[in-house]
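What follows is the content of data05.pdb, which has PDB, C-alpha atoms, pLDDT in the B column:
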ATOM      1  CA  MET N   1     131.276  83.200  17.198  1.00 95.00           C
ATOM      2  CA  ARG N   2     130.423  80.884  14.294  1.00 98.00           C
ATOM      3  CA  VAL N   3     132.078  77.473  14.452  1.00 98.00           C
ATOM      4  CA  TYR N   4     131.895  74.946  11.625  1.00 98.00           C
ATOM      5  CA  ALA N   5     133.422  71.505  11.305  1.00 98.00           C
ATOM      6  CA  PHE N   6     134.580  70.293   7.935  1.00 98.00           C
ATOM      7  CA  VAL N   7     135.110  66.687   6.983  1.00 98.00           C
ATOM      8  CA  PRO N   8     137.552  66.362   4.054  1.00 97.00           C
ATOM      9  CA  ALA N   9     136.674  63.183   2.143  1.00 96.00           C
ATOM     10  CA  ARG N  10     138.234  62.921  -1.292  1.00 93.00           C
ATOM     11  CA  SER N  11     137.266  59.842  -3.304  1.00 92.00           C
ATOM     12  CA  GLY N  12     140.640  59.200  -4.930  1.00 78.00           C
ATOM     13  CA  SER N  13     142.542  57.391  -2.175  1.00 78.00           C
ATOM     14  CA  LYS N  14     145.416  55.323  -3.555  1.00 73.00           C
ATOM     15  CA  GLY N  15     146.650  53.373  -0.501  1.00 77.00           C
ATOM     16  CA  LEU N  16     143.181  52.005   0.300  1.00 88.00           C
ATOM     17  CA  PRO N  17     140.645  52.799  -2.442  1.00 89.00           C
ATOM     18  CA  ASP N  18     137.427  54.380  -1.148  1.00 94.00           C
ATOM     19  CA  LYS N  19     138.712  54.165   2.426  1.00 95.00           C
ATOM     20  CA  ASN N  20     136.539  57.124   3.466  1.00 96.00           C
ATOM     21  CA  ILE N  21     133.394  55.070   2.890  1.00 97.00           C
ATOM     22  CA  ALA N  22     134.762  51.664   3.882  1.00 97.00           C
ATOM     23  CA  GLU N  23     132.470  50.255   6.584  1.00 97.00           C
ATOM     24  CA  ILE N  24     133.378  49.750  10.215  1.00 98.00           C
ATOM     25  CA  ASP N  25     130.702  48.258  12.474  1.00 98.00           C
ATOM     26  CA  GLY N  26     128.050  48.902   9.841  1.00 97.00           C
ATOM     27  CA  HIS N  27     128.892  52.564   9.203  1.00 98.00           C
ATOM     28  CA  PRO N  28     131.083  54.195   6.533  1.00 98.00           C
ATOM     29  CA  LEU N  29     134.279  55.652   7.941  1.00 98.00           C
ATOM     30  CA  LEU N  30     133.372  59.273   7.170  1.00 98.00           C
ATOM     31  CA  SER N  31     130.177  58.941   9.214  1.00 98.00           C
ATOM     32  CA  TYR N  32     132.241  58.733  12.419  1.00 98.00           C
ATOM     33  CA  ALA N  33     133.669  62.188  11.680  1.00 98.00           C
ATOM     34  CA  VAL N  34     130.211  63.558  10.867  1.00 98.00           C
ATOM     35  CA  ALA N  35     128.752  62.090  14.070  1.00 98.00           C
ATOM     36  CA  PHE N  36     131.571  63.631  16.082  1.00 98.00           C
ATOM     37  CA  GLY N  37     130.983  67.046  14.501  1.00 98.00           C
ATOM     38  CA  LEU N  38     127.281  66.867  15.317  1.00 98.00           C
ATOM     39  CA  ALA N  39     128.095  65.861  18.909  1.00 98.00           C
ATOM     40  CA  LEU N  40     130.071  69.096  19.330  1.00 98.00           C
ATOM     41  CA  GLY N  41     126.859  71.117  19.109  1.00 98.00           C
ATOM     42  CA  ILE N  42     128.460  73.670  16.755  1.00 98.00           C
ATOM     43  CA  ASP N  43     126.802  75.660  13.976  1.00 98.00           C
ATOM     44  CA  ARG N  44     127.434  73.425  10.958  1.00 98.00           C
ATOM     45  CA  VAL N  45     129.108  70.197   9.906  1.00 98.00           C
ATOM     46  CA  ILE N  46     130.151  70.385   6.258  1.00 98.00           C
ATOM     47  CA  LEU N  47     131.389  67.503   4.154  1.00 98.00           C
ATOM     48  CA  SER N  48     133.905  68.523   1.489  1.00 98.00           C
ATOM     49  CA  THR N  49     134.088  65.891  -1.245  1.00 97.00           C
ATOM     50  CA  ASP N  50     134.424  65.441  -4.978  1.00 96.00           C
ATOM     51  CA  SER N  51     132.029  62.469  -5.057  1.00 96.00           C
ATOM     52  CA  GLU N  52     128.242  62.571  -5.240  1.00 97.00           C
ATOM     53  CA  GLN N  53     128.196  59.098  -3.668  1.00 97.00           C
ATOM     54  CA  TYR N  54     130.194  60.380  -0.699  1.00 98.00           C
ATOM     55  CA  ALA N  55     128.042  63.508  -0.528  1.00 98.00           C
ATOM     56  CA  GLU N  56     124.860  61.472  -0.322  1.00 98.00           C
ATOM     57  CA  ILE N  57     126.308  59.283   2.429  1.00 98.00           C
ATOM     58  CA  GLY N  58     127.364  62.372   4.387  1.00 98.00           C
ATOM     59  CA  ARG N  59     123.927  63.957   4.035  1.00 98.00           C
ATOM     60  CA  ARG N  60     122.245  60.777   5.253  1.00 98.00           C
ATOM     61  CA  TYR N  61     124.317  60.966   8.435  1.00 98.00           C
ATOM     62  CA  GLY N  62     123.536  64.650   9.012  1.00 98.00           C
ATOM     63  CA  ALA N  63     126.299  66.621   7.271  1.00 98.00           C
ATOM     64  CA  GLU N  64     125.720  69.462   4.843  1.00 98.00           C
ATOM     65  CA  CYS N  65     127.218  69.052   1.389  1.00 98.00           C
ATOM     66  CA  PRO N  66     125.717  71.688  -0.922  1.00 98.00           C
ATOM     67  CA  TYR N  67     128.226  71.204  -3.763  1.00 98.00           C
ATOM     68  CA  LEU N  68     131.123  69.040  -4.958  1.00 97.00           C
ATOM     69  CA  ARG N  69     134.599  70.497  -4.540  1.00 95.00           C
ATOM     70  CA  GLY N  70     136.523  71.663  -7.584  1.00 91.00           C
ATOM     71  CA  PRO N  71     139.477  69.983  -9.352  1.00 90.00           C
ATOM     72  CA  LYS N  72     142.206  71.987  -7.579  1.00 91.00           C
ATOM     73  CA  ALA N  73     140.916  70.867  -4.180  1.00 92.00           C
ATOM     74  CA  SER N  74     140.448  67.265  -5.352  1.00 90.00           C
ATOM     75  CA  SER N  75     143.820  66.426  -6.875  1.00 89.00           C
ATOM     76  CA  ASP N  76     146.376  64.045  -5.377  1.00 85.00           C
ATOM     77  CA  THR N  77     148.485  67.053  -4.391  1.00 88.00           C
ATOM     78  CA  ALA N  78     145.669  69.145  -2.863  1.00 90.00           C
ATOM     79  CA  MET N  79     146.416  70.497   0.590  1.00 93.00           C
ATOM     80  CA  GLU N  80     144.112  71.627   3.390  1.00 94.00           C
ATOM     81  CA  GLU N  81     144.447  75.270   2.332  1.00 95.00           C
ATOM     82  CA  ASP N  82     143.082  74.320  -1.109  1.00 95.00           C
ATOM     83  CA  ILE N  83     140.037  72.719   0.500  1.00 96.00           C
ATOM     84  CA  LEU N  84     139.469  75.754   2.728  1.00 96.00           C
ATOM     85  CA  ALA N  85     139.836  78.126  -0.234  1.00 95.00           C
ATOM     86  CA  ASP N  86     137.405  75.996  -2.229  1.00 96.00           C
ATOM     87  CA  MET N  87     134.801  76.275   0.538  1.00 97.00           C
ATOM     88  CA  GLU N  88     135.403  80.020   0.886  1.00 97.00           C
ATOM     89  CA  GLU N  89     134.741  80.415  -2.830  1.00 96.00           C
ATOM     90  CA  ASN N  90     131.669  78.201  -3.025  1.00 97.00           C
ATOM     91  CA  LEU N  91     129.756  78.107   0.264  1.00 98.00           C
ATOM     92  CA  PRO N  92     128.527  81.737   0.037  1.00 97.00           C
ATOM     93  CA  ARG N  93     126.713  80.781  -3.207  1.00 97.00           C
ATOM     94  CA  PHE N  94     124.477  78.644  -1.010  1.00 97.00           C
ATOM     95  CA  GLY N  95     123.866  81.317   1.613  1.00 97.00           C
ATOM     96  CA  ILE N  96     126.497  79.935   4.014  1.00 98.00           C
ATOM     97  CA  GLU N  97     128.654  82.602   5.648  1.00 98.00           C
ATOM     98  CA  MET N  98     132.225  81.788   6.518  1.00 98.00           C
ATOM     99  CA  PRO N  99     132.825  80.796  10.154  1.00 98.00           C
ATOM    100  CA  ASP N 100     135.144  82.343  12.677  1.00 98.00           C
ATOM    101  CA  LEU N 101     136.565  78.907  13.480  1.00 98.00           C
ATOM    102  CA  TRP N 102     136.970  75.676  11.557  1.00 98.00           C
ATOM    103  CA  VAL N 103     137.315  72.258  13.192  1.00 98.00           C
ATOM    104  CA  ARG N 104     139.038  69.858  10.816  1.00 98.00           C
ATOM    105  CA  LEU N 105     137.743  66.304  11.257  1.00 98.00           C
ATOM    106  CA  LYS N 106     139.664  63.796   9.154  1.00 97.00           C
ATOM    107  CA  PRO N 107     137.673  60.590   8.576  1.00 97.00           C
ATOM    108  CA  THR N 108     140.937  58.683   8.963  1.00 96.00           C
ATOM    109  CA  ASN N 109     141.329  59.727  12.624  1.00 97.00           C
ATOM    110  CA  PRO N 110     138.239  58.108  14.178  1.00 98.00           C
ATOM    111  CA  PHE N 111     139.367  58.380  17.817  1.00 98.00           C
ATOM    112  CA  ARG N 112     138.870  61.767  19.579  1.00 98.00           C
ATOM    113  CA  THR N 113     136.908  63.361  22.420  1.00 98.00           C
ATOM    114  CA  VAL N 114     134.268  66.068  22.424  1.00 98.00           C
ATOM    115  CA  ALA N 115     135.743  67.541  25.626  1.00 98.00           C
ATOM    116  CA  SER N 116     139.170  68.200  24.089  1.00 98.00           C
ATOM    117  CA  VAL N 117     137.704  69.936  21.040  1.00 98.00           C
ATOM    118  CA  LYS N 118     135.366  72.059  23.151  1.00 98.00           C
ATOM    119  CA  GLU N 119     138.384  73.039  25.229  1.00 98.00           C
ATOM    120  CA  GLY N 120     140.201  74.068  22.055  1.00 98.00           C
ATOM    121  CA  ILE N 121     137.258  76.125  20.830  1.00 98.00           C
ATOM    122  CA  ALA N 122     137.097  77.886  24.189  1.00 98.00           C
ATOM    123  CA  VAL N 123     140.821  78.680  24.009  1.00 98.00           C
ATOM    124  CA  LEU N 124     140.390  80.421  20.650  1.00 98.00           C
ATOM    125  CA  ALA N 125     137.211  82.183  21.737  1.00 98.00           C
ATOM    126  CA  ASN N 126     138.859  83.622  24.846  1.00 98.00           C
ATOM    127  CA  SER N 127     142.474  84.121  23.740  1.00 98.00           C
ATOM    128  CA  PRO N 128     142.808  86.281  20.599  1.00 97.00           C
ATOM    129  CA  GLU N 129     146.602  85.975  20.700  1.00 98.00           C
ATOM    130  CA  VAL N 130     146.354  82.235  19.955  1.00 98.00           C
ATOM    131  CA  ASP N 131     146.407  81.457  16.239  1.00 98.00           C
ATOM    132  CA  SER N 132     145.115  77.887  16.396  1.00 98.00           C
ATOM    133  CA  VAL N 133     144.789  74.763  18.502  1.00 98.00           C
ATOM    134  CA  ARG N 134     145.985  71.274  17.739  1.00 98.00           C
ATOM    135  CA  ILE N 135     144.864  68.112  19.487  1.00 98.00           C
ATOM    136  CA  VAL N 136     148.084  66.093  19.670  1.00 98.00           C
ATOM    137  CA  SER N 137     149.167  62.686  20.918  1.00 97.00           C
ATOM    138  CA  PRO N 138     152.435  61.533  22.532  1.00 97.00           C
ATOM    139  CA  GLU N 139     155.042  59.930  20.250  1.00 96.00           C
ATOM    140  CA  ASP N 140     158.498  58.465  20.713  1.00 96.00           C
ATOM    141  CA  CYS N 141     161.061  60.771  19.070  1.00 95.00           C
ATOM    142  CA  ARG N 142     163.812  58.121  19.018  1.00 97.00           C
ATOM    143  CA  LEU N 143     163.431  57.652  15.262  1.00 96.00           C
ATOM    144  CA  TRP N 144     166.072  56.387  12.881  1.00 97.00           C
ATOM    145  CA  THR N 145     166.361  56.423   9.094  1.00 98.00           C
ATOM    146  CA  ILE N 146     168.169  54.426   6.395  1.00 98.00           C
ATOM    147  CA  ASN N 147     170.774  56.583   4.684  1.00 97.00           C
ATOM    148  CA  GLY N 148     171.854  56.570   1.047  1.00 98.00           C
ATOM    149  CA  GLN N 149     174.380  53.811   1.673  1.00 98.00           C
ATOM    150  CA  GLY N 150     171.801  51.569   3.334  1.00 98.00           C
ATOM    151  CA  TRP N 151     173.048  52.132   6.896  1.00 98.00           C
ATOM    152  CA  PHE N 152     170.724  52.742   9.823  1.00 98.00           C
ATOM    153  CA  GLU N 153     171.296  56.126  11.487  1.00 97.00           C
ATOM    154  CA  PRO N 154     169.421  58.318  14.011  1.00 97.00           C
ATOM    155  CA  LEU N 155     167.285  61.246  12.940  1.00 95.00           C
ATOM    156  CA  VAL N 156     167.862  63.009  16.270  1.00 94.00           C
ATOM    157  CA  ALA N 157     170.985  63.670  18.326  1.00 95.00           C
ATOM    158  CA  TRP N 158     172.217  60.334  19.691  1.00 97.00           C
ATOM    159  CA  ASP N 159     175.176  59.500  21.919  1.00 97.00           C
ATOM    160  CA  PRO N 160     177.547  57.654  19.520  1.00 96.00           C
ATOM    161  CA  ALA N 161     179.011  55.729  22.466  1.00 98.00           C
ATOM    162  CA  ARG N 162     175.661  54.042  23.175  1.00 98.00           C
ATOM    163  CA  SER N 163     173.435  51.678  21.218  1.00 97.00           C
ATOM    164  CA  VAL N 164     170.373  52.160  23.428  1.00 97.00           C
ATOM    165  CA  MET N 165     169.113  55.364  25.020  1.00 98.00           C
ATOM    166  CA  ARG N 166     166.144  55.913  27.333  1.00 97.00           C
ATOM    167  CA  ARG N 167     163.077  57.770  26.138  1.00 95.00           C
ATOM    168  CA  SER N 168     163.420  60.075  29.160  1.00 96.00           C
ATOM    169  CA  GLU N 169     166.740  61.325  27.766  1.00 97.00           C
ATOM    170  CA  PHE N 170     164.968  62.953  24.811  1.00 97.00           C
ATOM    171  CA  PRO N 171     162.470  65.818  24.580  1.00 95.00           C
ATOM    172  CA  ALA N 172     158.799  64.930  24.689  1.00 96.00           C
ATOM    173  CA  ALA N 173     157.436  64.551  21.142  1.00 97.00           C
ATOM    174  CA  TYR N 174     153.900  64.668  19.781  1.00 97.00           C
ATOM    175  CA  SER N 175     152.024  63.836  16.588  1.00 94.00           C
ATOM    176  CA  PRO N 176     150.629  67.167  15.275  1.00 91.00           C
ATOM    177  CA  PHE N 177     148.047  66.000  12.735  1.00 86.00           C
ATOM    178  CA  ASN N 178     145.230  64.425  14.754  1.00 91.00           C
ATOM    179  CA  LEU N 179     142.748  67.304  14.781  1.00 96.00           C
ATOM    180  CA  ASP N 180     143.021  71.042  14.085  1.00 98.00           C
ATOM    181  CA  ILE N 181     140.946  74.031  15.206  1.00 98.00           C
ATOM    182  CA  LEU N 182     141.810  77.147  13.241  1.00 98.00           C
ATOM    183  CA  ARG N 183     140.736  80.709  12.589  1.00 98.00           C
ATOM    184  CA  HIS N 184     139.255  81.219   9.131  1.00 97.00           C
ATOM    185  CA  ALA N 185     140.701  84.742   8.940  1.00 97.00           C
ATOM    186  CA  ASN N 186     144.219  83.304   9.014  1.00 97.00           C
ATOM    187  CA  LEU N 187     143.701  81.649   5.647  1.00 95.00           C
ATOM    188  CA  ALA N 188     143.778  85.027   3.857  1.00 93.00           C
ATOM    189  CA  ARG N 189     146.439  86.446   6.180  1.00 94.00           C
ATOM    190  CA  LEU N 190     148.868  83.529   6.231  1.00 96.00           C
ATOM    191  CA  GLY N 191     148.031  81.342   3.225  1.00 94.00           C
ATOM    192  CA  SER N 192     149.509  77.852   3.484  1.00 95.00           C
ATOM    193  CA  ALA N 193     150.811  78.725   6.983  1.00 97.00           C
ATOM    194  CA  TYR N 194     147.192  79.210   8.102  1.00 97.00           C
ATOM    195  CA  MET N 195     147.748  77.528  11.473  1.00 97.00           C
ATOM    196  CA  GLY N 196     150.007  80.438  12.454  1.00 98.00           C
ATOM    197  CA  SER N 197     152.972  80.335  14.793  1.00 97.00           C
ATOM    198  CA  LYS N 198     151.137  80.561  18.119  1.00 98.00           C
ATOM    199  CA  ILE N 199     149.627  77.097  18.232  1.00 98.00           C
ATOM    200  CA  ARG N 200     148.228  75.877  21.537  1.00 98.00           C
ATOM    201  CA  PRO N 201     148.534  72.089  21.902  1.00 98.00           C
ATOM    202  CA  ILE N 202     146.046  69.988  23.813  1.00 98.00           C
ATOM    203  CA  VAL N 203     147.618  66.631  24.603  1.00 98.00           C
ATOM    204  CA  ALA N 204     145.217  63.726  24.192  1.00 97.00           C
ATOM    205  CA  HIS N 205     145.519  59.964  24.573  1.00 97.00           C
ATOM    206  CA  LYS N 206     147.859  58.231  22.133  1.00 97.00           C
ATOM    207  CA  ILE N 207     144.887  56.378  20.560  1.00 97.00           C
ATOM    208  CA  THR N 208     143.921  59.689  18.931  1.00 97.00           C
ATOM    209  CA  GLY N 209     147.072  59.436  16.813  1.00 96.00           C
ATOM    210  CA  LEU N 210     145.843  56.334  14.979  1.00 97.00           C
ATOM    211  CA  ASP N 211     145.584  57.469  11.349  1.00 96.00           C
ATOM    212  CA  ILE N 212     144.172  55.147   8.700  1.00 96.00           C
ATOM    213  CA  ASN N 213     146.452  55.282   5.657  1.00 92.00           C
ATOM    214  CA  ASP N 214     146.358  51.719   4.337  1.00 93.00           C
ATOM    215  CA  SER N 215     144.589  48.391   4.663  1.00 95.00           C
ATOM    216  CA  ASP N 216     146.572  47.395   7.765  1.00 96.00           C
ATOM    217  CA  ASP N 217     145.638  50.616   9.605  1.00 96.00           C
ATOM    218  CA  PHE N 218     142.028  50.082   8.596  1.00 97.00           C
ATOM    219  CA  ALA N 219     142.060  46.494   9.880  1.00 97.00           C
ATOM    220  CA  ILE N 220     143.404  47.663  13.252  1.00 98.00           C
ATOM    221  CA  ALA N 221     140.795  50.434  13.607  1.00 98.00           C
ATOM    222  CA  LYS N 222     138.030  48.069  12.521  1.00 98.00           C
ATOM    223  CA  ALA N 223     139.078  45.419  15.044  1.00 98.00           C
ATOM    224  CA  LEU N 224     139.181  47.963  17.884  1.00 98.00           C
ATOM    225  CA  ILE N 225     135.811  49.534  17.072  1.00 98.00           C
ATOM    226  CA  GLU N 226     134.016  46.246  16.450  1.00 98.00           C
ATOM    227  CA  MET N 227     135.367  44.584  19.596  1.00 98.00           C
ATOM    228  CA  ARG N 228     132.670  43.642  22.121  1.00 97.00           C
ATOM    229  CA  PRO N 229     132.733  44.702  24.812  1.00 97.00           C
ATOM    230  CA  ARG N 230     134.717  47.707  23.638  1.00 96.00           C
ATOM    231  CA  PRO N 231     137.812  48.482  25.705  1.00 96.00           C
ATOM    232  CA  GLN N 232     137.180  51.575  27.824  1.00 97.00           C
ATOM    233  CA  VAL N 233     139.823  53.606  25.994  1.00 98.00           C
ATOM    234  CA  ILE N 234     137.978  53.013  22.710  1.00 98.00           C
ATOM    235  CA  ALA N 235     134.561  53.791  24.188  1.00 97.00           C
ATOM    236  CA  ASP N 236     135.945  57.009  25.679  1.00 98.00           C
ATOM    237  CA  HIS N 237     137.355  58.211  22.333  1.00 98.00           C
ATOM    238  CA  LEU N 238     134.620  57.247  19.885  1.00 98.00           C
ATOM    239  CA  VAL N 239     131.336  58.878  18.896  1.00 98.00           C
ATOM    240  CA  VAL N 240     129.195  56.193  17.282  1.00 98.00           C
ATOM    241  CA  PRO N 241     127.022  57.316  14.359  1.00 98.00           C
ATOM    242  CA  ALA N 242     123.275  57.008  14.608  1.00 93.00           C
ATOM    243  CA  LEU N 243     121.631  54.887  11.933  1.00 85.00           C
ATOM    244  CA  PRO N 244     120.472  57.189   9.093  1.00 80.00           C
TER
END

How does the structure come out when it is put into C-alpha cells?
Amino acid sequence: MRVYAFVPARSGSKGLPDKNIAEIDGHPLLSYAVAFGLALGIDRVILSTDSEQYAEIGRRYGAECPYLRGPKASSDTAMEEDILADMEENLPRFGIEMPDLWVRLKPTNPFRTVASVKEGIAVLANSPEVDSVRIVSPEDCRLWTINGQGWFEPLVAWDPARSVMRRSEFPAAYSPFNLDILRHANLARLGSAYMGSKIRPIVAHKITGLDINDSDDFAIAKALIEMRPRPQVIADHLVVPALP
C-alpha cells in the first residue's frame, strides 16, 4: 500500500501574510508538517504550493515539490479536492504514481502525534469498509450565535428555563479538521465528498485542535513551541524539524 503525505501551503494567506513560512523557533511553519511526514516513515512527503520560495524551503527540509500547483488549486476559494485533483493531474508527469492513501498535514496544525496517524493508516489498510480517518480533538458544543437583531442565542438545543447548563448535559463534540487520512480512489468516486460517509475518528489531545489562522493564533503557537523547558504536552505532540 502506497502512502503519501501532502502539505498544502498556498502563499496567498490573507489573515496572516506568508504564515506558512513564518518562523517558530528558527524554522518556517511548514517545516514542522514536513518533519512530521518524514517521521511517519511513509513513501513520500509532497509539498503542494504555488510559490517557488515555499517550494525551495520545503525541499531543503526534505519534502518533494516537483512542480508548482495551478491557478485553480491556488485561488482563495480552492478546496482540498482541488489540490488533490491538481496533484493527480501533475505528479504522474514526474514519474510519481498516485498513492492508495493520502495523509493531509496542514502547516497550521503543528501539534500531532506519529502514533495516532500510524493507527489511522493501519485502520484503512485493514478495514476496507472504512472510507477515511480523521484525527479529532474534543470541543465544547455549548456554542451561541448573535442573531439578526443583535441578540445572543444558542446554536444547539438549550433549556429556555435555564441560563447555565453543564457540559455533561450535551453530546460530546469534536473538531473534525485537525488531520485527515483518506483513500485516493474516493476522489474520483465521491468528488468533493471524498472523505466518504464511513469516517473513523481517532480522538487526540485538545492541543491538536490549535489551528493558526491569524497573528494571535501564531503568537500562541510560537510561545508554546519556544518555551523552555517545553511543557510535556507540547513535547509529546511536536516533531521538531532537523536543520537543513

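The two atoms in question, atom CA of Val164 of chain N and atom CA of Gly148 of chain N, are spaced 22.9 Å apart.
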
Within 6 Å of Phe6 of chain N using only C-alpha atoms, minus same-chain residues under 5 positions, as JSON, numbers by chain:
{"N": [45, 46, 47, 104]}

Using all atoms listed in the file, which protein or nucleic acid residues come within 9 Å of Glu81 of chain N? Drop anything in the same chain fewer than 6 positions from it, and give the result as a PDB file with C-alpha atoms, in the coordinates of the input.
ATOM      1  CA  ALA N  73     140.916  70.867  -4.180  1.00 92.00           C
ATOM      2  CA  LEU N 187     143.701  81.649   5.647  1.00 95.00           C
ATOM      3  CA  GLY N 191     148.031  81.342   3.225  1.00 94.00           C
ATOM      4  CA  SER N 192     149.509  77.852   3.484  1.00 95.00           C
ATOM      5  CA  ALA N 193     150.811  78.725   6.983  1.00 97.00           C
ATOM      6  CA  TYR N 194     147.192  79.210   8.102  1.00 97.00           C
TER       7      TYR N 194
END

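What the PyMOL selection byres ((chain N and resi 93-98) around 10) picks from this file is Arg2, Val3, Tyr4, Arg44, Pro66, Tyr67, Met87, Glu88, Glu89, Asn90, Leu91, Pro92, Pro99, Asp100, Leu101, Trp102, His184 and Ala185 of chain N.
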
Option closest in space to Ser48 of chain N, from N:Ala78, N:Leu16, N:Ile181, N:Ala9 [counting all atoms listed in the file]
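Once distances to Ser48 of chain N are computed over all atoms listed in the file, the minimum belongs to N:Ala9.
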
Would you work out the distance separating atom CA of Leu30 of chain N from atom CA of His237 of chain N, expressed in Å to one decimal?
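Spanning atom CA of Leu30 of chain N to atom CA of His237 of chain N is a straight-line distance of 15.7 Å.
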
For a test of reading the model, state the distance in Å between atom CA of Asp159 of chain N and atom CA of Tyr174 of chain N, rounded to one decimal.
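Computing the Euclidean distance for atom CA of Asp159 of chain N and atom CA of Tyr174 of chain N yields 22.0 Å.
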
Counting all atoms listed in the file, the residue of N:Glu119, N:Asp211, N:Glu52, N:Asp82 that sits nearest Arg134 of chain N
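With all atoms listed in the file as the atom set, the closest residue is N:Glu119.
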
Give me the residues near Arg69 of chain N as a PDB file with C-alpha atoms, in the frame of the given file, where near means some atom within 7 Å (using all atoms listed in the file) and where sequence neighbours in that chain fewer than 5 positions away do not count.
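Output below, filename selection.pdb:
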ATOM      1  CA  SER N  48     133.905  68.523   1.489  1.00 98.00           C
ATOM      2  CA  THR N  49     134.088  65.891  -1.245  1.00 97.00           C
ATOM      3  CA  ASP N  50     134.424  65.441  -4.978  1.00 96.00           C
ATOM      4  CA  SER N  74     140.448  67.265  -5.352  1.00 90.00           C
ATOM      5  CA  ASP N  86     137.405  75.996  -2.229  1.00 96.00           C
TER       6      ASP N  86
END

Closest of N:Lys106, N:Lys14, N:Arg166, N:Lys72 to Ser31 of chain N, counting only C-alpha atoms, is N:Lys106

Write out as a list in words the residues lying within 12 Å of Arg167 of chain N, counting only C-alpha atoms and excluding same-chain residues fewer than 5 positions away.
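What passes the distance filter is Pro138, Glu139, Asp140, Cys141, Arg142, Leu143, Trp158, Ala172 and Ala173 of chain N.
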
Explicit residue set for the PyMOL selection byres ((chain N and resi 212-219) around 7), as a list in words:
Gly15, Leu16, Thr108, Asn109, Leu210, Asp211, Ile220, Ala221, Lys222 and Ala223 of chain N
